[in-house]
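Engineer: Submitted below is the structure of interest, expressed as structure tokens.
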Amino acid sequence: PDRHPNIQLELICENRESVLEQREADIAIRYARPAHGPSTLRKIGELGSAAYAHKSLLRKEMDWRGELPWIGFAQVADRWPEFQWIAENVPREHVHVTVNGGPAYTELVGRGNGVGLLTCVEGDARGDLKRLSGPQPLIVREIWLMVLPEQRRNSAVRKVLDWLINVTRREANLLLGASSSGHSGFF
């Protein structure tokens, strides 16, 4: 903001894919490579996710996959790798509530309502949460930057694109969440 005071960022975080062609956004970030469209694409990084729980839920010698309650993802998220991982690795009877992701999901995990899959950058930053699944992420998603070809030539859009690329490059280890110090798994 200080280097470019005339640029105002508006971040819209939602599960729905915004439509660049209808000018709902100038730039889009996706966690899977888009299959089609006139947008210019560039892979700019990777985002790791792992299993986290509030420290108040944890007891020694406990199987975090099968003995603790889980926060799952609603059926609308069935194409997400996080939804699929929980479906394949957690007994169904241990998934006590499902939501469609976002702040509600993080809040439920953060308040100790169950184990959940959070991005490592989010989960590792919270001192009240413990990463249960070890130092490597369980799921790694690609981070894709999308922009319409004519918008790439807009100087303000170009500055934001360059900034996003630099931030993801600089914070690559944090975004991936691999080999985080202090996260050696469950106890």
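Ordering of the structure tokens sets the chain letters (A, B, ...); residue numbers start at 1 within each chain; ligands are numbered from 1 in the order shown.
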As a PyMOL selection string, which residues of chain A does DSSP assign to alpha helix (DSSP H)?

Structural biologist: chain A and resi 81-89+102-110+120-123+149-152+155-170+172-176

Engineer: Go through range 63-176 of chain A and collect every residue that DSSP, computed from the backbone, puts in strand (DSSP E); the answer should be as a VMD selection string.

Structural biologist: chain A and resid 70 to 73 95 to 99 116 to 119 129 to 131 139 to 147

Engineer: Write a file of the selected residues as a PDB file, in the first residue's frame, keeping C-alpha atoms.

Structural biologist:
```
ATOM      1  CA  TRP A  70     -14.078 -34.341  13.206  1.00  0.00           C
ATOM      2  CA  ILE A  71     -15.327 -31.330  11.326  1.00  0.00           C
ATOM      3  CA  GLY A  72     -15.994 -32.429   7.769  1.00  0.00           C
ATOM      4  CA  PHE A  73     -16.858 -30.631   4.570  1.00  0.00           C
ATOM      5  CA  VAL A  95     -17.536 -36.671  11.497  1.00  0.00           C
ATOM      6  CA  HIS A  96     -19.874 -34.791  13.827  1.00  0.00           C
ATOM      7  CA  VAL A  97     -20.598 -31.735  11.704  1.00  0.00           C
ATOM      8  CA  THR A  98     -19.970 -30.616   8.129  1.00  0.00           C
ATOM      9  CA  VAL A  99     -19.686 -27.106   6.705  1.00  0.00           C
ATOM     10  CA  GLY A 116     -10.137 -30.457  10.855  1.00  0.00           C
ATOM     11  CA  LEU A 117      -7.999 -30.005   7.778  1.00  0.00           C
ATOM     12  CA  LEU A 118      -6.656 -26.452   7.679  1.00  0.00           C
ATOM     13  CA  THR A 119      -4.048 -24.861   5.495  1.00  0.00           C
ATOM     14  CA  LEU A 129      -3.964 -25.596  17.719  1.00  0.00           C
ATOM     15  CA  LYS A 130      -1.719 -28.625  17.338  1.00  0.00           C
ATOM     16  CA  ARG A 131      -0.774 -30.139  14.007  1.00  0.00           C
ATOM     17  CA  ILE A 139      -2.612 -32.384   0.975  1.00  0.00           C
ATOM     18  CA  VAL A 140      -0.755 -30.085  -1.396  1.00  0.00           C
ATOM     19  CA  ARG A 141      -2.696 -27.896  -3.794  1.00  0.00           C
ATOM     20  CA  GLU A 142      -1.252 -25.810  -6.600  1.00  0.00           C
ATOM     21  CA  ILE A 143      -1.799 -22.061  -6.477  1.00  0.00           C
ATOM     22  CA  TRP A 144      -2.822 -20.672  -9.876  1.00  0.00           C
ATOM     23  CA  LEU A 145      -2.988 -17.016 -10.802  1.00  0.00           C
ATOM     24  CA  MET A 146      -5.532 -16.071 -13.470  1.00  0.00           C
ATOM     25  CA  VAL A 147      -6.001 -12.825 -15.384  1.00  0.00           C
TER      26      VAL A 147
END
```

Engineer: Give the answer as one residue: which of A:Gly45, A:Pro91, A:Pro34, A:Gly123 has the shortest atom-to-atom distance to Arg170 in chain A, using only C-alpha atoms?

Structural biologist: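 Among A:Gly45, A:Pro91, A:Pro34, A:Gly123, it is A:Gly45 that comes nearest to Arg170 in chain A.
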
Engineer: Find the spatial neighbours of Val76 in chain A, counting only C-alpha atoms, within a cut-off of 10 Å - ignore same-chain residues fewer than 4 positions away - and output them as a list in words.

Structural biologist: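 After dropping sequence-adjacent residues, the list is Asn15, Trp80, Phe83, Val99, Asn100 and Gly101 of chain A.
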
Engineer: Once you count only C-alpha atoms, what closest atom pair and distance in Å to one decimal does each residue of range 50-87 of chain A within 8 Å of range 102-111 of chain A have, with rows by chain and rising residue number, as a tab-separated table?

Structural biologist:
```
residue	atom	partner	partner_atom	distance
A:Tyr52	CA	A:Val109	CA	7.5
A:Ala53	CA	A:Val109	CA	6.1
A:His54	CA	A:Gly110	CA	5.9
A:Ile71	CA	A:Val109	CA	7.0
```

Engineer: Export, as a PDB file, in the first residue's frame, the selected residues with N, CA, C and O atoms.

Structural biologist:
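selection_15.pdb, written as the output of this step:
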```
ATOM      1  N   TYR A  52      -5.476 -30.538  12.153  1.00  0.00           N
ATOM      2  CA  TYR A  52      -5.266 -29.728  13.355  1.00  0.00           C
ATOM      3  C   TYR A  52      -6.413 -29.946  14.327  1.00  0.00           C
ATOM      4  O   TYR A  52      -7.553 -30.200  13.914  1.00  0.00           O
ATOM      5  N   ALA A  53      -6.090 -29.807  15.609  1.00  0.00           N
ATOM      6  CA  ALA A  53      -7.117 -29.836  16.649  1.00  0.00           C
ATOM      7  C   ALA A  53      -6.727 -28.859  17.743  1.00  0.00           C
ATOM      8  O   ALA A  53      -5.535 -28.567  17.950  1.00  0.00           O
ATOM      9  N   HIS A  54      -7.735 -28.379  18.455  1.00  0.00           N
ATOM     10  CA  HIS A  54      -7.484 -27.528  19.612  1.00  0.00           C
ATOM     11  C   HIS A  54      -6.803 -28.382  20.677  1.00  0.00           C
ATOM     12  O   HIS A  54      -7.147 -29.551  20.872  1.00  0.00           O
ATOM     13  N   ILE A  71     -14.544 -32.289  12.084  1.00  0.00           N
ATOM     14  CA  ILE A  71     -15.327 -31.330  11.326  1.00  0.00           C
ATOM     15  C   ILE A  71     -15.083 -31.689   9.862  1.00  0.00           C
ATOM     16  O   ILE A  71     -13.944 -31.680   9.394  1.00  0.00           O
TER      17      ILE A  71
END
```
